[in-house]
$ cat query.pdb   # PDB, C-alpha atoms
ATOM      1  CA  ALA A  62      26.069  12.672  -0.060  1.00  0.00           C
ATOM      2  CA  GLN A  63      27.099  11.452  -3.465  1.00  0.00           C
ATOM      3  CA  SER A  64      30.292   9.579  -4.293  1.00  0.00           C
ATOM      4  CA  VAL A  65      32.046   7.796  -7.126  1.00  0.00           C
ATOM      5  CA  ALA A  66      34.534   4.956  -6.990  1.00  0.00           C
ATOM      6  CA  GLN A  67      36.945   4.005  -9.728  1.00  0.00           C
ATOM      7  CA  PRO A  68      38.642   0.932  -8.289  1.00  0.00           C
ATOM      8  CA  GLU A  69      41.464   0.752 -10.807  1.00  0.00           C
ATOM      9  CA  ASP A  70      44.243   3.339 -10.884  1.00  0.00           C
ATOM     10  CA  GLN A  71      45.459   1.980 -14.199  1.00  0.00           C
ATOM     11  CA  VAL A  72      44.172  -0.295 -16.933  1.00  0.00           C
ATOM     12  CA  ASN A  73      46.486  -1.770 -19.561  1.00  0.00           C
ATOM     13  CA  VAL A  74      45.083  -3.080 -22.826  1.00  0.00           C
ATOM     14  CA  ALA A  75      46.562  -4.238 -26.106  1.00  0.00           C
ATOM     15  CA  GLU A  76      45.461  -2.323 -29.177  1.00  0.00           C
ATOM     16  CA  GLY A  77      42.517  -3.999 -30.852  1.00  0.00           C
ATOM     17  CA  ASN A  78      41.312  -5.642 -27.657  1.00  0.00           C
ATOM     18  CA  PRO A  79      38.154  -4.571 -25.835  1.00  0.00           C
ATOM     19  CA  LEU A  80      38.567  -2.284 -22.850  1.00  0.00           C
ATOM     20  CA  THR A  81      36.550  -1.680 -19.707  1.00  0.00           C
ATOM     21  CA  VAL A  82      37.048   1.089 -17.167  1.00  0.00           C
ATOM     22  CA  LYS A  83      35.028   0.507 -14.037  1.00  0.00           C
ATOM     23  CA  CYS A  84      32.901   2.977 -12.110  1.00  0.00           C
ATOM     24  CA  THR A  85      30.455   2.568  -9.249  1.00  0.00           C
ATOM     25  CA  TYR A  86      28.453   5.347  -7.656  1.00  0.00           C
ATOM     26  CA  SER A  87      26.402   6.238  -4.633  1.00  0.00           C
ATOM     27  CA  VAL A  88      23.604   8.812  -4.528  1.00  0.00           C
ATOM     28  CA  SER A  89      20.539   9.222  -2.389  1.00  0.00           C
ATOM     29  CA  GLY A  90      18.208   9.503  -5.373  1.00  0.00           C
ATOM     30  CA  ASN A  91      18.511   8.733  -9.061  1.00  0.00           C
ATOM     31  CA  PRO A  92      21.805   9.536 -10.722  1.00  0.00           C
ATOM     32  CA  TYR A  93      23.006  11.503 -13.657  1.00  0.00           C
ATOM     33  CA  LEU A  94      26.251   9.829 -14.738  1.00  0.00           C
ATOM     34  CA  PHE A  95      29.075  11.127 -16.887  1.00  0.00           C
ATOM     35  CA  TRP A  96      32.379  10.018 -18.341  1.00  0.00           C
ATOM     36  CA  TYR A  97      35.138  12.469 -19.179  1.00  0.00           C
ATOM     37  CA  VAL A  98      38.604  11.977 -20.669  1.00  0.00           C
ATOM     38  CA  GLN A  99      41.658  14.066 -19.917  1.00  0.00           C
ATOM     39  CA  TYR A 100      44.833  14.208 -21.964  1.00  0.00           C
ATOM     40  CA  PRO A 101      48.070  15.487 -20.366  1.00  0.00           C
ATOM     41  CA  ASN A 102      47.913  19.165 -19.374  1.00  0.00           C
ATOM     42  CA  ARG A 103      44.467  19.540 -20.861  1.00  0.00           C
ATOM     43  CA  GLY A 104      40.999  20.080 -19.472  1.00  0.00           C
ATOM     44  CA  LEU A 105      38.286  17.466 -19.451  1.00  0.00           C
ATOM     45  CA  GLN A 106      36.522  16.355 -22.606  1.00  0.00           C
ATOM     46  CA  PHE A 107      33.006  15.013 -22.382  1.00  0.00           C
ATOM     47  CA  LEU A 108      32.552  11.430 -23.608  1.00  0.00           C
ATOM     48  CA  LEU A 109      29.018  10.434 -22.713  1.00  0.00           C
ATOM     49  CA  LYS A 110      26.259  10.700 -20.152  1.00  0.00           C
ATOM     50  CA  TYR A 111      23.335   8.769 -18.763  1.00  0.00           C
ATOM     51  CA  ILE A 112      20.285  10.788 -17.839  1.00  0.00           C
ATOM     52  CA  THR A 113      17.363   8.452 -18.411  1.00  0.00           C
ATOM     53  CA  GLY A 114      16.099   5.870 -20.885  1.00  0.00           C
ATOM     54  CA  ASP A 115      18.192   3.161 -22.502  1.00  0.00           C
ATOM     55  CA  ASN A 116      20.752   1.734 -20.114  1.00  0.00           C
ATOM     56  CA  LEU A 117      23.350   1.458 -22.869  1.00  0.00           C
ATOM     57  CA  VAL A 118      24.708   4.869 -23.752  1.00  0.00           C
ATOM     58  CA  LYS A 119      26.874   5.505 -26.795  1.00  0.00           C
ATOM     59  CA  GLY A 120      29.303   8.383 -26.835  1.00  0.00           C
ATOM     60  CA  SER A 121      32.252   9.934 -28.589  1.00  0.00           C
ATOM     61  CA  TYR A 122      35.158   8.062 -30.206  1.00  0.00           C
ATOM     62  CA  GLY A 123      33.376   4.691 -30.118  1.00  0.00           C
ATOM     63  CA  PHE A 124      32.979   4.583 -26.352  1.00  0.00           C
ATOM     64  CA  GLU A 125      29.875   3.327 -24.637  1.00  0.00           C
ATOM     65  CA  ALA A 126      28.762   2.774 -21.064  1.00  0.00           C
ATOM     66  CA  GLU A 127      26.097   0.668 -19.438  1.00  0.00           C
ATOM     67  CA  PHE A 128      24.036   1.918 -16.540  1.00  0.00           C
ATOM     68  CA  ASN A 129      23.297  -0.883 -14.087  1.00  0.00           C
ATOM     69  CA  LYS A 130      21.018   0.291 -11.321  1.00  0.00           C
ATOM     70  CA  SER A 131      21.108  -2.900  -9.271  1.00  0.00           C
ATOM     71  CA  GLN A 132      24.902  -2.868  -9.193  1.00  0.00           C
ATOM     72  CA  THR A 133      25.116   0.935  -9.053  1.00  0.00           C
ATOM     73  CA  SER A 134      27.673   0.800 -11.836  1.00  0.00           C
ATOM     74  CA  PHE A 135      28.407   2.740 -14.991  1.00  0.00           C
ATOM     75  CA  HIS A 136      31.380   1.013 -16.610  1.00  0.00           C
ATOM     76  CA  LEU A 137      32.984   2.554 -19.679  1.00  0.00           C
ATOM     77  CA  LYS A 138      33.643   0.214 -22.598  1.00  0.00           C
ATOM     78  CA  LYS A 139      35.046   0.144 -26.093  1.00  0.00           C
ATOM     79  CA  PRO A 140      35.053  -2.924 -28.360  1.00  0.00           C
ATOM     80  CA  SER A 141      38.471  -2.257 -29.883  1.00  0.00           C
ATOM     81  CA  ALA A 142      41.030  -0.059 -28.159  1.00  0.00           C
ATOM     82  CA  LEU A 143      43.380   2.331 -29.944  1.00  0.00           C
ATOM     83  CA  VAL A 144      46.755   3.602 -28.800  1.00  0.00           C
ATOM     84  CA  SER A 145      45.289   7.116 -29.049  1.00  0.00           C
ATOM     85  CA  ASP A 146      42.736   6.180 -26.371  1.00  0.00           C
ATOM     86  CA  SER A 147      45.528   6.273 -23.804  1.00  0.00           C
ATOM     87  CA  ALA A 148      44.516   8.975 -21.336  1.00  0.00           C
ATOM     88  CA  LEU A 149      43.040   9.596 -17.895  1.00  0.00           C
ATOM     89  CA  TYR A 150      39.353   8.781 -17.572  1.00  0.00           C
ATOM     90  CA  PHE A 151      37.016  10.216 -14.967  1.00  0.00           C
ATOM     91  CA  CYS A 152      33.568   9.043 -13.981  1.00  0.00           C
ATOM     92  CA  ALA A 153      31.265  11.625 -12.391  1.00  0.00           C
ATOM     93  CA  VAL A 154      27.837  11.615 -10.772  1.00  0.00           C
ATOM     94  CA  ARG A 155      25.182  14.127  -9.953  1.00  0.00           C
ATOM     95  CA  ASP A 156      22.105  13.495  -7.813  1.00  0.00           C
ATOM     96  CA  LYS A 157      19.034  14.034 -10.006  1.00  0.00           C
ATOM     97  CA  GLY A 158      16.849  14.798  -7.047  1.00  0.00           C
ATOM     98  CA  ARG A 159      19.089  17.607  -5.893  1.00  0.00           C
ATOM     99  CA  VAL A 160      19.092  19.135  -9.354  1.00  0.00           C
ATOM    100  CA  LEU A 161      15.315  19.138  -9.632  1.00  0.00           C
ATOM    101  CA  THR A 162      14.806  20.607  -6.198  1.00  0.00           C
ATOM    102  CA  GLY A 163      17.282  23.351  -6.844  1.00  0.00           C
ATOM    103  CA  GLY A 164      19.865  21.830  -4.560  1.00  0.00           C
ATOM    104  CA  GLY A 165      22.563  22.459  -7.057  1.00  0.00           C
ATOM    105  CA  ASN A 166      24.180  20.669  -9.953  1.00  0.00           C
ATOM    106  CA  LYS A 167      27.472  19.801  -8.323  1.00  0.00           C
ATOM    107  CA  LEU A 168      29.407  17.024 -10.005  1.00  0.00           C
ATOM    108  CA  THR A 169      31.358  14.553  -7.912  1.00  0.00           C
ATOM    109  CA  PHE A 170      34.317  12.938  -9.668  1.00  0.00           C
ATOM    110  CA  GLY A 171      36.032   9.641  -9.161  1.00  0.00           C
ATOM    111  CA  THR A 172      39.771   9.519  -8.663  1.00  0.00           C
ATOM    112  CA  GLY A 173      40.409   8.683 -12.310  1.00  0.00           C
ATOM    113  CA  THR A 174      41.719   5.648 -14.161  1.00  0.00           C
ATOM    114  CA  GLN A 175      44.793   5.853 -16.346  1.00  0.00           C
ATOM    115  CA  LEU A 176      44.208   3.859 -19.510  1.00  0.00           C
ATOM    116  CA  LYS A 177      47.273   2.646 -21.367  1.00  0.00           C
ATOM    117  CA  VAL A 178      46.816   1.037 -24.747  1.00  0.00           C
ATOM    118  CA  GLU A 179      49.901  -0.626 -26.195  1.00  0.00           C
ATOM    119  CA  LEU A 180      50.726  -2.039 -29.583  1.00  0.00           C
TER     120      LEU A 180
ATOM    121  CA  GLY B   6      29.314  22.343 -29.176  1.00  0.00           C
ATOM    122  CA  ALA B   7      29.756  24.554 -26.180  1.00  0.00           C
ATOM    123  CA  VAL B   8      33.245  25.956 -25.843  1.00  0.00           C
ATOM    124  CA  VAL B   9      34.916  27.213 -22.692  1.00  0.00           C
ATOM    125  CA  SER B  10      38.258  28.977 -22.757  1.00  0.00           C
ATOM    126  CA  GLN B  11      40.732  29.798 -20.015  1.00  0.00           C
ATOM    127  CA  HIS B  12      43.440  32.394 -19.935  1.00  0.00           C
ATOM    128  CA  PRO B  13      46.295  32.130 -19.359  1.00  0.00           C
ATOM    129  CA  SER B  14      47.014  28.485 -20.081  1.00  0.00           C
ATOM    130  CA  ARG B  15      50.181  28.638 -18.047  1.00  0.00           C
ATOM    131  CA  VAL B  16      51.499  31.149 -15.523  1.00  0.00           C
ATOM    132  CA  ILE B  17      54.600  31.342 -13.376  1.00  0.00           C
ATOM    133  CA  CYS B  18      54.724  33.884 -10.589  1.00  0.00           C
ATOM    134  CA  LYS B  19      56.744  34.808  -7.536  1.00  0.00           C
ATOM    135  CA  SER B  20      55.575  33.997  -4.056  1.00  0.00           C
ATOM    136  CA  GLY B  21      53.427  36.767  -2.600  1.00  0.00           C
ATOM    137  CA  THR B  22      52.009  38.020  -5.872  1.00  0.00           C
ATOM    138  CA  SER B  23      48.424  37.664  -7.062  1.00  0.00           C
ATOM    139  CA  VAL B  24      47.362  35.854 -10.186  1.00  0.00           C
ATOM    140  CA  LYS B  25      44.093  36.195 -12.079  1.00  0.00           C
ATOM    141  CA  ILE B  26      42.691  33.388 -14.222  1.00  0.00           C
ATOM    142  CA  GLU B  27      39.844  34.013 -16.642  1.00  0.00           C
ATOM    143  CA  CYS B  28      37.196  31.553 -17.701  1.00  0.00           C
ATOM    144  CA  ARG B  29      34.972  32.389 -20.651  1.00  0.00           C
ATOM    145  CA  SER B  30      32.034  30.638 -22.268  1.00  0.00           C
ATOM    146  CA  LEU B  31      32.475  31.465 -25.950  1.00  0.00           C
ATOM    147  CA  ASP B  32      29.210  30.448 -27.544  1.00  0.00           C
ATOM    148  CA  PHE B  33      26.675  30.208 -24.754  1.00  0.00           C
ATOM    149  CA  GLN B  34      25.566  32.016 -21.637  1.00  0.00           C
ATOM    150  CA  ALA B  35      26.741  30.389 -18.452  1.00  0.00           C
ATOM    151  CA  THR B  36      24.657  31.173 -15.425  1.00  0.00           C
ATOM    152  CA  THR B  37      26.837  28.934 -13.308  1.00  0.00           C
ATOM    153  CA  MET B  38      30.579  28.435 -13.392  1.00  0.00           C
ATOM    154  CA  PHE B  39      32.649  26.059 -11.349  1.00  0.00           C
ATOM    155  CA  TRP B  40      36.282  26.217 -10.328  1.00  0.00           C
ATOM    156  CA  TYR B  41      38.260  23.048  -9.734  1.00  0.00           C
ATOM    157  CA  ARG B  42      41.759  22.318  -8.608  1.00  0.00           C
ATOM    158  CA  GLN B  43      43.672  19.258  -9.684  1.00  0.00           C
ATOM    159  CA  PHE B  44      46.894  17.997  -8.151  1.00  0.00           C
ATOM    160  CA  PRO B  45      49.152  15.685 -10.146  1.00  0.00           C
ATOM    161  CA  LYS B  46      47.619  12.277 -10.695  1.00  0.00           C
ATOM    162  CA  GLN B  47      44.589  13.166  -8.614  1.00  0.00           C
ATOM    163  CA  SER B  48      40.957  13.899  -9.252  1.00  0.00           C
ATOM    164  CA  LEU B  49      39.315  17.269  -9.630  1.00  0.00           C
ATOM    165  CA  MET B  50      38.435  18.940  -6.384  1.00  0.00           C
ATOM    166  CA  LEU B  51      35.629  21.469  -6.548  1.00  0.00           C
ATOM    167  CA  MET B  52      36.708  24.763  -5.022  1.00  0.00           C
ATOM    168  CA  ALA B  53      33.664  26.930  -5.547  1.00  0.00           C
ATOM    169  CA  THR B  54      30.492  27.459  -7.509  1.00  0.00           C
ATOM    170  CA  SER B  55      29.615  30.874  -8.829  1.00  0.00           C
ATOM    171  CA  ASN B  56      26.356  32.153 -10.193  1.00  0.00           C
ATOM    172  CA  GLU B  57      26.272  35.265 -12.326  1.00  0.00           C
ATOM    173  CA  GLY B  58      25.718  38.360 -10.251  1.00  0.00           C
ATOM    174  CA  SER B  59      25.962  36.723  -6.840  1.00  0.00           C
ATOM    175  CA  LYS B  60      28.639  35.676  -4.405  1.00  0.00           C
ATOM    176  CA  ALA B  61      30.428  32.406  -4.971  1.00  0.00           C
ATOM    177  CA  THR B  62      29.726  29.385  -2.804  1.00  0.00           C
ATOM    178  CA  TYR B  63      32.952  27.884  -1.534  1.00  0.00           C
ATOM    179  CA  GLU B  64      33.547  24.262  -0.635  1.00  0.00           C
ATOM    180  CA  GLN B  65      34.600  23.380   2.862  1.00  0.00           C
ATOM    181  CA  GLY B  66      38.266  24.060   3.457  1.00  0.00           C
ATOM    182  CA  VAL B  67      38.679  26.559   0.606  1.00  0.00           C
ATOM    183  CA  GLU B  68      39.708  30.020   1.769  1.00  0.00           C
ATOM    184  CA  LYS B  69      37.421  32.539   0.129  1.00  0.00           C
ATOM    185  CA  ASP B  70      39.739  35.443   0.921  1.00  0.00           C
ATOM    186  CA  LYS B  71      42.598  33.689  -0.821  1.00  0.00           C
ATOM    187  CA  PHE B  72      40.702  32.451  -3.864  1.00  0.00           C
ATOM    188  CA  LEU B  73      38.588  35.367  -5.006  1.00  0.00           C
ATOM    189  CA  ILE B  74      35.925  34.523  -7.533  1.00  0.00           C
ATOM    190  CA  ASN B  75      34.001  37.015  -9.609  1.00  0.00           C
ATOM    191  CA  HIS B  76      31.232  36.135 -12.041  1.00  0.00           C
ATOM    192  CA  ALA B  77      30.319  39.528 -13.391  1.00  0.00           C
ATOM    193  CA  SER B  78      28.707  38.465 -16.656  1.00  0.00           C
ATOM    194  CA  LEU B  79      27.082  35.450 -18.241  1.00  0.00           C
ATOM    195  CA  THR B  80      30.225  34.671 -20.184  1.00  0.00           C
ATOM    196  CA  LEU B  81      33.053  35.471 -17.801  1.00  0.00           C
ATOM    197  CA  SER B  82      34.229  34.300 -14.407  1.00  0.00           C
ATOM    198  CA  THR B  83      37.596  35.064 -12.842  1.00  0.00           C
ATOM    199  CA  LEU B  84      39.583  33.335 -10.143  1.00  0.00           C
ATOM    200  CA  THR B  85      42.226  35.416  -8.394  1.00  0.00           C
ATOM    201  CA  VAL B  86      44.780  33.630  -6.264  1.00  0.00           C
ATOM    202  CA  THR B  87      45.906  36.286  -3.790  1.00  0.00           C
ATOM    203  CA  SER B  88      49.334  36.284  -2.176  1.00  0.00           C
ATOM    204  CA  ALA B  89      50.216  33.074  -3.917  1.00  0.00           C
ATOM    205  CA  HIS B  90      52.561  30.575  -2.278  1.00  0.00           C
ATOM    206  CA  PRO B  91      54.296  27.500  -3.686  1.00  0.00           C
ATOM    207  CA  GLU B  92      51.625  25.234  -2.212  1.00  0.00           C
ATOM    208  CA  ASP B  93      49.093  26.984  -4.452  1.00  0.00           C
ATOM    209  CA  SER B  94      50.859  25.575  -7.488  1.00  0.00           C
ATOM    210  CA  SER B  95      48.339  23.393  -9.238  1.00  0.00           C
ATOM    211  CA  PHE B  96      46.220  22.879 -12.325  1.00  0.00           C
ATOM    212  CA  TYR B  97      43.077  25.004 -12.159  1.00  0.00           C
ATOM    213  CA  ILE B  98      40.118  24.055 -14.312  1.00  0.00           C
ATOM    214  CA  CYS B  99      36.860  25.898 -14.765  1.00  0.00           C
ATOM    215  CA  SER B 100      33.588  24.649 -16.127  1.00  0.00           C
ATOM    216  CA  ALA B 101      30.430  26.391 -17.218  1.00  0.00           C
ATOM    217  CA  SER B 102      26.814  25.390 -17.124  1.00  0.00           C
ATOM    218  CA  THR B 103      23.625  26.808 -18.555  1.00  0.00           C
ATOM    219  CA  SER B 104      20.380  27.122 -16.729  1.00  0.00           C
ATOM    220  CA  GLY B 105      17.238  25.327 -17.686  1.00  0.00           C
ATOM    221  CA  GLY B 106      16.435  21.678 -18.111  1.00  0.00           C
ATOM    222  CA  ALA B 107      16.495  18.969 -15.518  1.00  0.00           C
ATOM    223  CA  TYR B 108      20.164  18.385 -16.041  1.00  0.00           C
ATOM    224  CA  ASN B 109      22.799  21.028 -16.488  1.00  0.00           C
ATOM    225  CA  GLU B 110      25.783  19.643 -18.312  1.00  0.00           C
ATOM    226  CA  GLN B 111      29.125  21.183 -17.440  1.00  0.00           C
ATOM    227  CA  PHE B 112      31.525  22.178 -20.189  1.00  0.00           C
ATOM    228  CA  PHE B 113      35.152  22.320 -19.155  1.00  0.00           C
ATOM    229  CA  GLY B 114      37.901  24.722 -20.005  1.00  0.00           C
ATOM    230  CA  PRO B 115      41.394  23.541 -20.978  1.00  0.00           C
ATOM    231  CA  GLY B 116      42.872  24.409 -17.605  1.00  0.00           C
ATOM    232  CA  THR B 117      45.539  26.782 -16.281  1.00  0.00           C
ATOM    233  CA  ARG B 118      48.834  25.544 -14.908  1.00  0.00           C
ATOM    234  CA  LEU B 119      49.950  27.782 -12.042  1.00  0.00           C
ATOM    235  CA  THR B 120      53.496  27.558 -10.755  1.00  0.00           C
ATOM    236  CA  VAL B 121      54.477  29.688  -7.779  1.00  0.00           C
ATOM    237  CA  LEU B 122      58.195  30.057  -7.221  1.00  0.00           C
TER     238      LEU B 122
END
$ encode --input "query.pdb" --output "C-alpha cells"
Amino acid sequence: AQSVAQPEDQVNVAEGNPLTVKCTYSVSGNPYLFWYVQYPNRGLQFLLKYITGDNLVKGSYGFEAEFNKSQTSFHLKKPSALVSDSALYFCAVRDKGRVLTGGGNKLTFGTGTQLKVEL
Amino acid sequence: GAVVSQHPSRVICKSGTSVKIECRSLDFQATTMFWYRQFPKQSLMLMATSNEGSKATYEQGVEKDKFLINHASLTLSTLTVTSAHPEDSSFYICSASTSGGAYNEQFFGPGTRLTVL
C-alpha cells in the first residue's frame, strides 16, 4: 500500500520569507511524487513532479521540491513567499513498480496543507 | 498543456433526483479517467477509475449503483449521482490520464460543486 503524510494542517509565512511545506511518503517500490495546489472552489493545479534523476525538482511559480530517499520525504519549498501563494497544497505519490507492471496509476494524496502568506 | 473541463461547475438539486457530471479532455485523448470526491477541508478521495470502453473500477466503500460512471469515448467520462441525498453534497473532481510512458500524469478538472437539498 502507498501513503502520504503531510504533518502540518497549516503553515503561516510572512511575505518575502522562505516557505516549506512538508511531505513524507511510503511505497513498496520507487515513488513517483507530485505536488498540486488548489485554490478555493477550484480543481487541482499541477506544480511539479519527481520521476527520476536530479533530486531537486523545479516547478511552476518558483516552487521547488527535494526528493530525499533516505528520509522518504519530498518537501515543497519556495525561497520567497508571495501573498498570492496562499492556497491548499497537496502532495501525492504513485508506486512506480505498480505502474510498470500494469497495476494501475492510482495517485494517493496527502491530507493537504493550508499555506497562508501574510504581509 | 493538457486541459480538462467539467460541466456543470455548480449544481443544486432536490433530494431523490439524479445528477450527471461531465468530464472532458479538451486537447488530448484520455484512456483513463478518475473521479474524486472532496469534503470541505479534506483530501481527495478516489471514487473510481474508468478506462475507455470498459467498466469502471470502484474503490472500496463506493456504491457503484449510486455513482454510475460511463467512459464512452477517449475524451468524455460522465458521473451520474442517482437518487441524490443531502449526504452526497460534495465537491467532485475528475482527472484524465493518457496511456503510454512509464508514468501517466493526471490532469485535473476544475471540479463540480453538488448541493442536494
$ residues_around --input "query.pdb" --residues "A:Leu80" --least-positions-apart "5" --cutoff "12 Å" --atoms "only C-alpha atoms" --output "PDB file with C-alpha atoms, in the coordinates of the input"
ATOM      1  CA  GLN A  71      45.459   1.980 -14.199  1.00  0.00           C
ATOM      2  CA  VAL A  72      44.172  -0.295 -16.933  1.00  0.00           C
ATOM      3  CA  ASN A  73      46.486  -1.770 -19.561  1.00  0.00           C
ATOM      4  CA  VAL A  74      45.083  -3.080 -22.826  1.00  0.00           C
ATOM      5  CA  ALA A  75      46.562  -4.238 -26.106  1.00  0.00           C
ATOM      6  CA  GLY A 123      33.376   4.691 -30.118  1.00  0.00           C
ATOM      7  CA  PHE A 124      32.979   4.583 -26.352  1.00  0.00           C
ATOM      8  CA  GLU A 125      29.875   3.327 -24.637  1.00  0.00           C
ATOM      9  CA  ALA A 126      28.762   2.774 -21.064  1.00  0.00           C
ATOM     10  CA  HIS A 136      31.380   1.013 -16.610  1.00  0.00           C
ATOM     11  CA  LEU A 137      32.984   2.554 -19.679  1.00  0.00           C
ATOM     12  CA  LYS A 138      33.643   0.214 -22.598  1.00  0.00           C
ATOM     13  CA  LYS A 139      35.046   0.144 -26.093  1.00  0.00           C
ATOM     14  CA  PRO A 140      35.053  -2.924 -28.360  1.00  0.00           C
ATOM     15  CA  SER A 141      38.471  -2.257 -29.883  1.00  0.00           C
ATOM     16  CA  ALA A 142      41.030  -0.059 -28.159  1.00  0.00           C
ATOM     17  CA  LEU A 143      43.380   2.331 -29.944  1.00  0.00           C
ATOM     18  CA  VAL A 144      46.755   3.602 -28.800  1.00  0.00           C
ATOM     19  CA  ASP A 146      42.736   6.180 -26.371  1.00  0.00           C
ATOM     20  CA  SER A 147      45.528   6.273 -23.804  1.00  0.00           C
ATOM     21  CA  LEU A 176      44.208   3.859 -19.510  1.00  0.00           C
ATOM     22  CA  LYS A 177      47.273   2.646 -21.367  1.00  0.00           C
ATOM     23  CA  VAL A 178      46.816   1.037 -24.747  1.00  0.00           C
ATOM     24  CA  GLU A 179      49.901  -0.626 -26.195  1.00  0.00           C
TER      25      GLU A 179
END
$ resolve_selection --input "query.pdb" --expression "the ChimeraX specification (/A :<12) & /B" --output "MDAnalysis selection string"
chainID B and resid 6:11 14:15 36:56 62:64 95:119
$ atom_distance --input "query.pdb" --atom1 "atom CA of A:Lys83" --atom2 "atom CA of A:Thr113"
19.9 Å
$ atom_distance --input "query.pdb" --atom1 "atom CA of B:Ile17" --atom2 "atom CA of B:Phe72"
16.9 Å
$ closest_residue --input "query.pdb" --among "B:Arg29, B:His76, B:Lys60, B:Lys19" --to "B:Asp93" --atoms "only C-alpha atoms"
B:Lys19
$ atom_distance --input "query.pdb" --atom1 "atom CA of B:Ile26" --atom2 "atom CA of B:Ser82"
8.5 Å
$ resolve_selection --input "query.pdb" --expression "the PyMOL selection byres ((chain B and resi 83-92) around 7)" --output "list in words"
Ser20, Gly21, Thr22, Ser23, Val24, Lys25, Ile26, Glu27, Cys28, Lys71, Phe72, Leu73, Ile74, Asn75, His76, Leu81, Ser82, Asp93, Ser94, Val121 and Leu122 of chain B
$ axis_aligned_box --input "query.pdb" --around "stretch 99-104 of chain A" --padding-each-side "5 Å" --output "lines of an AutoDock Vina configuration file"
center_x = 44.5
center_y = 17.1
center_z = -20.7
size_x = 17.1
size_y = 16.0
size_z = 12.6
$ closest_residue --input "query.pdb" --among "A:Pro68, A:Gly114, A:Gly120, A:Gly77" --to "A:Ser145" --atoms "only C-alpha atoms"
A:Gly77
